[in-house]
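Here's the structure we're looking at; comments come further down.
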Amino acid sequence: MRSLKTAVAAVAVLGLLVAAVSGAYAGAIHDAGLFTTVLNRNDDGSVGPVSIGFGINFFGLNSGNQTTLFVNNNGNVTFNSALSEFTPFPLLTTNVPMIAPFFADVDTRAAGSDVVRYGQATINGHSVFGVNWINVGYFFERDEHLNSFQLIITDRSDTGAGNFDFEFNYDAITWETGEASDGDANGLGGDSARAGWSNGSNKSFELAGSAINGALLDTNCPNGATGLTCHDLNSSILGQYIFSVRNGVVIPPPTGVPAPGALVLLGAGLLGAGTTALLRRRAK
């Protein structure tokens with residue numbers, strides 16, 4: 001009897017380990033069918049300005065009533081212009097206000113890659129604008145590995161004019177770099193992805209592990225390190241990171257030693273207003 005119990009326990013543990021390694025962290029993405037407007041297959045493309053569906057106050061943009069944004073294929077949205085840059089740069093160095101769940105060289109031209117989708121919807125009684133990068137490939141027309149992540153911007157004007165939340169949802173992060181950013185054929189190495197936000201002048205945050213080879217990948221989850229799908233922020237769902245913006249300011253996230261299931265954010269310091277990005281572009 002004891003040996004049977006031991007065997008059952010061993011099988012259960014083995015099952016948990018296999019589930020963890022095989023991507024049991026997935027499940028953060030909301031119903032993929034909520035957002036249906038298609039950004040056609042492309043590399044480094046954008047669409048916009050498109051309507052958010054409500055006004056937001058993101059560090060006073062447009063006098064605190066920003067109602068449009070640009071959806072960029074490369075894992076981010078921007079507010080005052082489109083962004084075609086494919087090699088991720090430190091978010092504090094850009095003069096373009098942006099929210100970037102996974103800034104990297106997304107390429108949706110390969111047959112096995114899906115396209116980027118966006119649009120307006122309602123979740124839990126709140127108006128939202130969302131973007132799906134679900135099962136997307138990487139440059140150059142690669143679909144050997146696919147990433148699935150999502151951005152949702154939620155109207156919280158019920159708490160004050162222009163207030164909103166935004167969340168990063170991750171179900172699978174299996175590549176980190178395009179080949180034009182020194183990544184290999186498997187989408188690894190080189191100038192790897194960054195995730196976070198910037199007000200375009202003097203404030204920015206990036207998730208821990210940004211720009212560090214291997215750090216944001218699912219393969220980094222068994223170690224309990226910085227894999228995006230095995231942590232959360234202000235959520236009980238692994239792979240989900242929720243930020244609140246009140247009175248135009250992103251409420252500072254926690255710093256220090258991460259608690260289980262919570263990802264540390266790196267706080268970037270202040271730089272002078274008007275700092276411009278030094279973007280390293282490579283020919284494609």
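By order of appearance in the structure tokens: chains A, B, ..., then residues from 1 within every chain, and ligands from 1 in the order shown.
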
With a cut-off of 9 Å, could you pull out the residues of stretch 120-150 of chain A touching stretch 154-163 of chain A and give me the nearest pair of atoms for each, distance in Å to one decimal, using only C-alpha atoms, ordered by chain and ascending number, as a Markdown table?
| residue | atom | partner | partner_atom | distance |
| --- | --- | --- | --- | --- |
| A:Thr122 | CA | A:Thr154 | CA | 8.8 |
| A:Ile123 | CA | A:Thr154 | CA | 8.3 |
| A:His126 | CA | A:Asp155 | CA | 6.1 |
| A:Ser127 | CA | A:Asp155 | CA | 5.5 |
| A:Val128 | CA | A:Thr154 | CA | 4.4 |
| A:Phe129 | CA | A:Thr154 | CA | 6.6 |
| A:Gly130 | CA | A:Thr154 | CA | 8.6 |

Could you give me, as a Markdown table, every stretch 72-104 of chain A residue with an atom at most 9 Å from stretch 173-195 of chain A, plus its closest atom pair and distance in Å to one decimal, counting only C-alpha atoms, rows ordered by chain then number?
| residue | atom | partner | partner_atom | distance |
| --- | --- | --- | --- | --- |
| A:Gly75 | CA | A:Ala195 | CA | 8.8 |
| A:Asn76 | CA | A:Ala195 | CA | 8.8 |
| A:Phe86 | CA | A:Ser181 | CA | 7.6 |
| A:Thr87 | CA | A:Ser181 | CA | 5.5 |
| A:Pro88 | CA | A:Ala193 | CA | 6.0 |
| A:Phe89 | CA | A:Arg194 | CA | 7.6 |
| A:Pro90 | CA | A:Arg194 | CA | 7.7 |
| A:Leu91 | CA | A:Arg194 | CA | 8.0 |
| A:Ile99 | CA | A:Ala195 | CA | 8.3 |
| A:Ala100 | CA | A:Ala195 | CA | 5.4 |
| A:Pro101 | CA | A:Ala195 | CA | 4.9 |
| A:Phe102 | CA | A:Ala195 | CA | 4.8 |
| A:Phe103 | CA | A:Arg194 | CA | 5.2 |
| A:Ala104 | CA | A:Ala193 | CA | 4.9 |

Can you list, as a tab-separated table (two decimals) with C-alpha atoms, in the first residue's frame, all residues belonging to stretch 98-185 of chain A that DSSP tags as strand (DSSP E)?
chain	number	residue	atom	x	y	z
A	98	MET	CA	4.33	54.09	-25.76
A	99	ILE	CA	2.94	51.04	-24.03
A	100	ALA	CA	4.82	47.90	-25.00
A	101	PRO	CA	3.82	44.43	-23.82
A	102	PHE	CA	6.55	42.84	-25.96
A	103	PHE	CA	8.66	45.19	-28.07
A	116	VAL	CA	-2.30	41.17	-35.26
A	117	ARG	CA	-5.87	42.07	-34.32
A	118	TYR	CA	-7.27	45.04	-32.40
A	119	GLY	CA	-10.50	46.80	-31.51
A	120	GLN	CA	-12.99	47.91	-28.87
A	121	ALA	CA	-15.05	45.71	-26.58
A	122	THR	CA	-16.58	45.53	-23.10
A	123	ILE	CA	-15.11	43.48	-20.25
A	126	HIS	CA	-15.97	48.53	-18.65
A	127	SER	CA	-15.14	49.78	-22.15
A	128	VAL	CA	-11.80	48.46	-23.34
A	129	PHE	CA	-9.43	48.73	-26.27
A	130	GLY	CA	-7.32	45.68	-26.94
A	131	VAL	CA	-4.61	44.35	-29.22
A	132	ASN	CA	-3.92	40.66	-29.81
A	133	TRP	CA	-0.53	39.41	-30.88
A	134	ILE	CA	-1.57	35.77	-30.73
A	135	ASN	CA	0.54	33.06	-32.38
A	136	VAL	CA	2.79	35.59	-34.11
A	137	GLY	CA	6.16	34.87	-35.68
A	138	TYR	CA	9.39	36.81	-35.99
A	142	ARG	CA	9.82	32.78	-39.24
A	143	ASP	CA	7.08	30.64	-37.75
A	144	GLU	CA	9.13	27.87	-36.13
A	145	HIS	CA	8.25	29.45	-32.79
A	146	LEU	CA	5.21	31.60	-32.00
A	147	ASN	CA	4.42	34.10	-29.25
A	148	SER	CA	0.99	34.93	-27.81
A	149	PHE	CA	0.47	38.14	-25.87
A	150	GLN	CA	-2.13	40.85	-25.49
A	151	LEU	CA	-2.61	44.47	-24.41
A	152	ILE	CA	-5.89	45.64	-22.90
A	153	ILE	CA	-6.60	49.28	-22.01
A	154	THR	CA	-9.61	49.64	-19.69
A	155	ASP	CA	-11.68	52.78	-19.13
A	164	PHE	CA	-7.57	53.88	-16.93
A	165	ASP	CA	-5.88	50.55	-16.37
A	166	PHE	CA	-3.74	48.65	-18.82
A	167	GLU	CA	-2.72	45.05	-18.68
A	168	PHE	CA	-0.16	42.83	-20.35
A	169	ASN	CA	-1.36	39.25	-20.83
A	170	TYR	CA	1.02	36.46	-21.86
A	171	ASP	CA	0.16	32.90	-22.84
A	172	ALA	CA	3.34	31.84	-24.65

Would you return as a PyMOL selection string the members of stretch 9-250 of chain A that DSSP assigns to alpha helix (DSSP H) on this structure's backbone? chain A and resi 9-21+61-64

Atom CA of A:Val249 to atom CA of A:Gly196, distance in Å rounded to a single decimal: 14.2 Å

Distance query A:Asn72 at most 8 Å, only C-alpha atoms, self and fewer than 2 positions along chain excluded, as a ChimeraX atom specification: /A:44-47,70,74-78,82-84

Residue among A:Ser81, A:Asn220, A:Ser204, A:Pro49 lying closest to A:Thr67, counting only C-alpha atoms: A:Pro49
